[in-house]
Amino acid sequence: MTRLGRAARAPRWLRRVGITVLAGFVLVTVFSFGYNAATAGRASAPAGLRFVTADGIRTRYRQWDGPGPPIVLVHGFAESADTFDPLGRALSKTRQVYALDLTGWGYSQRVGPYDAQHQAAQLLGFLDALHLGRPVLVGHSSGAAVVAEATLRNPRRVGGVVFLDGDALNIGAGSRFGGLRSGLVDPYRTTLLRLAIHSDRLIRSVYSANCGPSCPPLDAAGVRQWRRPFEVPGAERAIWQFTGLVGLPASRVAELADVPVPKAVVFGANDDVFDHSAPYTAATRIGAPAPTVIPGARHLSFISHPDAVAAAVSALPG
């Protein structure tokens with residue numbers, strides 16, 4: 001074929017590609033609008049939940065009754081108070097245990113901004129609302145930043161601090177979440193979010209990757225427990241208002257070293273969300289003893305090894 005013939009065919013080839021791309025775009029857009037309309041209904045919160053007003057936020061919480069002084073469990077990204085059920089039951093053998101849904105997650109009222117400062121104010125309001133005197137605060141993953149900020153803000157209200165599978169920093173694991181909000185637009189981001197939420201396989205896969213072979217498999221009820229908080233009114237809007245995982249600057253976290261309360265760091269030995277040096281660096285930064293590293297545990301160590309985590313937390317004076 002001559003050069004002139006190839007040049008004459010090129011526009012025809014490009015037109016075909018353009019028509020194919022345009023047709024695909026139209027089909028995806030039509031599907032997206034249709035799927036979003038079909039899944040627009042929102043779920044209600046389960047019956048029988050406990051709520052209290054904390055710093056002006058209607059806050060859902062759970063309670064496991066026990067004989068000893070209080071412990072408050074603070075969850076991390078995409079978790080809720082229900083996530084702590086295995087650890088709550090294990091700790092309640094010797095302690096009074098509470099867990100709250102931070103605003104932005106679970107069944108608490110969604111009130112931004114969704115950062116460590118705002119959630120720490122909610123946590124301190126929760127302590128006041130339930131009249132909890134100097135409890136030990138246990139923060140899992142990004143929840144470590146919330147308990148750190150609450151302790152720095154009002155150390156007299158706190159009896160001890162535990163970082164559980166988290167270093168409280170606004171770097172590291174948090175960088176994986178950056179750019180998600182700005183990289184997607186509606187209607188496509190709503191479609192992708194709902195497809196992910198409605199996928200049993202994806203929920204089980206994420207759970208398994210973060211929990212490991214020692215965790216009980218998720219049955220249908222377990223999948224619904226993880227999914228339902230994402231289906232209540234306001235949940236999707238809150239997700240797109242997050243700018244990253246909750247965390248604090250290293251200099252702010254290091255101020256904990258000067259706060260005279262007992263501190264501990266507990267990590268799963270196989271946690272691949274953080275670098276293997278993270279528990280040791282975090283313990284040094286906040287002035288805690290050498291970390292407790294749980295063999296065989298991953299990022300959800302309190303689900304796979306609740307008794308070992310409970311023993312480490314209970315060993316902290318408080």
# chains A, B, ... in the order shown; residues from 1 in each chain; ligands from 1
>>> closest_atom_pairs(of="segment 97-179 of chain A", to="segment 220-235 of chain A", cutoff="9 Å", atoms="only C-alpha atoms", output="tab-separated table")
residue	atom	partner	partner_atom	distance
A:Gly104	CA	A:Ala235	CA	7.0
A:Trp105	CA	A:Pro229	CA	6.9
A:Gly106	CA	A:Pro229	CA	4.9
A:Tyr107	CA	A:Pro229	CA	6.1
A:Gln109	CA	A:Gly234	CA	8.4
A:Arg110	CA	A:Gly234	CA	6.5
>>> write_last_selection(atoms="all heavy atoms", output="PDB file, in the first residue's frame")
ATOM      1  N   GLY A 104     -18.427   9.600  61.088  1.00  0.00           N
ATOM      2  CA  GLY A 104     -17.942   9.211  59.777  1.00  0.00           C
ATOM      3  C   GLY A 104     -18.034   7.722  59.537  1.00  0.00           C
ATOM      4  O   GLY A 104     -17.984   7.279  58.388  1.00  0.00           O
ATOM      5  N   TRP A 105     -18.189   6.943  60.612  1.00  0.00           N
ATOM      6  CA  TRP A 105     -18.222   5.485  60.504  1.00  0.00           C
ATOM      7  C   TRP A 105     -19.348   4.919  61.365  1.00  0.00           C
ATOM      8  O   TRP A 105     -19.919   5.608  62.211  1.00  0.00           O
ATOM      9  CB  TRP A 105     -16.884   4.882  60.936  1.00  0.00           C
ATOM     10  CG  TRP A 105     -15.704   5.414  60.199  1.00  0.00           C
ATOM     11  CD1 TRP A 105     -14.721   6.217  60.695  1.00  0.00           C
ATOM     12  CD2 TRP A 105     -15.387   5.213  58.815  1.00  0.00           C
ATOM     13  NE1 TRP A 105     -13.802   6.518  59.724  1.00  0.00           N
ATOM     14  CE2 TRP A 105     -14.195   5.915  58.559  1.00  0.00           C
ATOM     15  CE3 TRP A 105     -15.987   4.515  57.780  1.00  0.00           C
ATOM     16  CZ2 TRP A 105     -13.591   5.924  57.301  1.00  0.00           C
ATOM     17  CZ3 TRP A 105     -15.400   4.524  56.525  1.00  0.00           C
ATOM     18  CH2 TRP A 105     -14.207   5.213  56.303  1.00  0.00           C
ATOM     19  N   GLY A 106     -19.609   3.641  61.167  1.00  0.00           N
ATOM     20  CA  GLY A 106     -20.591   2.961  61.994  1.00  0.00           C
ATOM     21  C   GLY A 106     -21.964   3.591  61.899  1.00  0.00           C
ATOM     22  O   GLY A 106     -22.431   3.979  60.825  1.00  0.00           O
ATOM     23  N   TYR A 107     -22.598   3.753  63.065  1.00  0.00           N
ATOM     24  CA  TYR A 107     -23.965   4.282  63.116  1.00  0.00           C
ATOM     25  C   TYR A 107     -24.051   5.608  63.857  1.00  0.00           C
ATOM     26  O   TYR A 107     -25.141   6.068  64.183  1.00  0.00           O
ATOM     27  CB  TYR A 107     -24.888   3.247  63.764  1.00  0.00           C
ATOM     28  CG  TYR A 107     -24.927   1.955  62.987  1.00  0.00           C
ATOM     29  CD1 TYR A 107     -24.268   0.817  63.467  1.00  0.00           C
ATOM     30  CD2 TYR A 107     -25.576   1.868  61.761  1.00  0.00           C
ATOM     31  CE1 TYR A 107     -24.286  -0.364  62.748  1.00  0.00           C
ATOM     32  CE2 TYR A 107     -25.591   0.686  61.033  1.00  0.00           C
ATOM     33  CZ  TYR A 107     -24.945  -0.427  61.535  1.00  0.00           C
ATOM     34  OH  TYR A 107     -24.951  -1.594  60.815  1.00  0.00           O
ATOM     35  N   GLN A 109     -23.770   9.731  64.161  1.00  0.00           N
ATOM     36  CA  GLN A 109     -24.117  10.850  63.276  1.00  0.00           C
ATOM     37  C   GLN A 109     -22.883  11.295  62.504  1.00  0.00           C
ATOM     38  O   GLN A 109     -21.788  11.392  63.059  1.00  0.00           O
ATOM     39  CB  GLN A 109     -24.671  11.999  64.124  1.00  0.00           C
ATOM     40  CG  GLN A 109     -25.100  13.230  63.357  1.00  0.00           C
ATOM     41  CD  GLN A 109     -25.564  14.342  64.292  1.00  0.00           C
ATOM     42  OE1 GLN A 109     -25.442  14.226  65.523  1.00  0.00           O
ATOM     43  NE2 GLN A 109     -26.089  15.401  63.724  1.00  0.00           N
ATOM     44  N   ARG A 110     -23.051  11.549  61.207  1.00  0.00           N
ATOM     45  CA  ARG A 110     -21.949  12.024  60.372  1.00  0.00           C
ATOM     46  C   ARG A 110     -21.833  13.543  60.487  1.00  0.00           C
ATOM     47  O   ARG A 110     -22.711  14.271  60.026  1.00  0.00           O
ATOM     48  CB  ARG A 110     -22.179  11.635  58.913  1.00  0.00           C
ATOM     49  CG  ARG A 110     -21.523  10.345  58.483  1.00  0.00           C
ATOM     50  CD  ARG A 110     -22.179   9.123  59.014  1.00  0.00           C
ATOM     51  NE  ARG A 110     -21.605   7.909  58.414  1.00  0.00           N
ATOM     52  CZ  ARG A 110     -21.891   6.687  58.809  1.00  0.00           C
ATOM     53  NH1 ARG A 110     -22.739   6.493  59.788  1.00  0.00           N
ATOM     54  NH2 ARG A 110     -21.330   5.637  58.241  1.00  0.00           N
TER      55      ARG A 110
END
>>> residues_around(residues="segment 144-155 of chain A", least_positions_apart="5", cutoff="8 Å", atoms="only C-alpha atoms", output="list of chain:residue names")
A:Val74, A:Gly76, A:Ala116, A:Gln117, A:Gln119, A:Ala120, A:Ala121, A:Leu123, A:Leu124, A:Leu137, A:Val138, A:Gly139, A:Val161, A:Val162, A:Phe163, A:Leu164, A:Gly166, A:Asp167, A:Ala168, A:Leu169, A:Val246, A:Gly247, A:Leu248, A:Val253, A:Glu255, A:Leu256, A:Val259, A:Val261
>>> atom_distance(atom1="atom CA of Thr292 of chain A", atom2="atom CA of Ser277 of chain A")
12.6 Å
>>> residues_around(residues="Ala310 of chain A", least_positions_apart="5", cutoff="9 Å", atoms="only C-alpha atoms", output="PyMOL selection string")
chain A and resi 87-88+90-91+302+305+315
>>> residues_around(residues="segment 34-40 of chain A", least_positions_apart="2", cutoff="8 Å", atoms="only C-alpha atoms", output="list in words")
Val30, Phe31, Ser32, Arg42, Pro187, Thr190, Thr191 and Arg194 of chain A
>>> select_by_dssp(residues="segment 60-153 of chain A", states="strand (DSSP E)", output="short mmCIF file (atom, residue, chain, number, x, y, z; two decimals) with C-alpha atoms, in the first residue's frame")
data_model
loop_
_atom_site.label_atom_id
_atom_site.label_comp_id
_atom_site.auth_asym_id
_atom_site.auth_seq_id
_atom_site.Cartn_x
_atom_site.Cartn_y
_atom_site.Cartn_z
CA ARG A 60 -23.46 4.96 68.98
CA TYR A 61 -21.55 2.76 71.41
CA ARG A 62 -21.27 -0.75 72.74
CA GLN A 63 -20.64 -1.91 76.28
CA TRP A 64 -19.29 -5.17 77.72
CA PRO A 70 -12.98 1.11 82.30
CA ILE A 71 -11.32 0.63 78.95
CA VAL A 72 -12.50 2.49 75.83
CA LEU A 73 -11.82 0.96 72.41
CA VAL A 74 -11.47 3.32 69.43
CA GLN A 96 -15.54 -2.64 82.07
CA VAL A 97 -15.29 -2.15 78.32
CA TYR A 98 -16.78 0.43 75.94
CA ALA A 99 -16.41 1.07 72.21
CA LEU A 100 -17.85 3.95 70.20
CA VAL A 136 -7.42 3.33 79.37
CA LEU A 137 -7.84 4.35 75.71
CA VAL A 138 -7.05 1.74 73.07
CA GLY A 139 -6.81 3.04 69.50
CA HIS A 140 -6.67 0.58 66.62
#
>>> closest_residue(among="A:Phe51, A:Phe77, A:Phe274, A:Tyr280", to="Ile171 of chain A", atoms="only C-alpha atoms")
A:Phe274
>>> closest_residue(among="A:Ala250, A:Leu300, A:Ala288, A:Val266", to="Cys215 of chain A", atoms="only C-alpha atoms")
A:Leu300
>>> atom_distance(atom1="atom CA of Ala283 of chain A", atom2="atom CA of Asp258 of chain A")
13.1 Å
>>> atom_distance(atom1="atom CA of Asp165 of chain A", atom2="atom CA of Ser301 of chain A")
7.5 Å
